[in-house]
Amino acid sequence: MKGNKNDANDAEAICEAVGRPNMRFVPLKSPEQKDLLMLHRVRQTLVKERAAVANQTRGMLSEYGLVIAQGLNSARMGLACCCRSFWMPDLGSTTIS
């Protein structure tokens, strides 16, 4: 690799790569493949955000003394069972429900 990345160095590298006989090129992806990859990325982002929200909620509830085990199932069950019977100030209970 020569120097910094700029248009001139990029063009030179492309010309050198095309001239090599054993250079492998990546095939273009079809629109269906691109759509599937996009769906996987969106789903992965949603799963990460879901876990982050569950962890954030667990942290907020622990400030009120309500400790819930880690994991999404524990968070769902803990919220369903304990929040109804646990006292919280009006603002906190409005935010949770």
# chains A, B, ... in the order shown; residues from 1 in each chain; ligands from 1
>>> residues_around(residues="range 65-68 of chain A", least_positions_apart="3", cutoff="6 Å", atoms="only C-alpha atoms", output="PDB file with C-alpha atoms, in the first residue's frame")
ATOM      1  CA  LEU A  61     -36.382  -0.673  38.473  1.00  0.00           C
ATOM      2  CA  SER A  62     -33.389  -1.654  40.587  1.00  0.00           C
ATOM      3  CA  GLY A  78     -40.726  -9.723  36.338  1.00  0.00           C
TER       4      GLY A  78
END
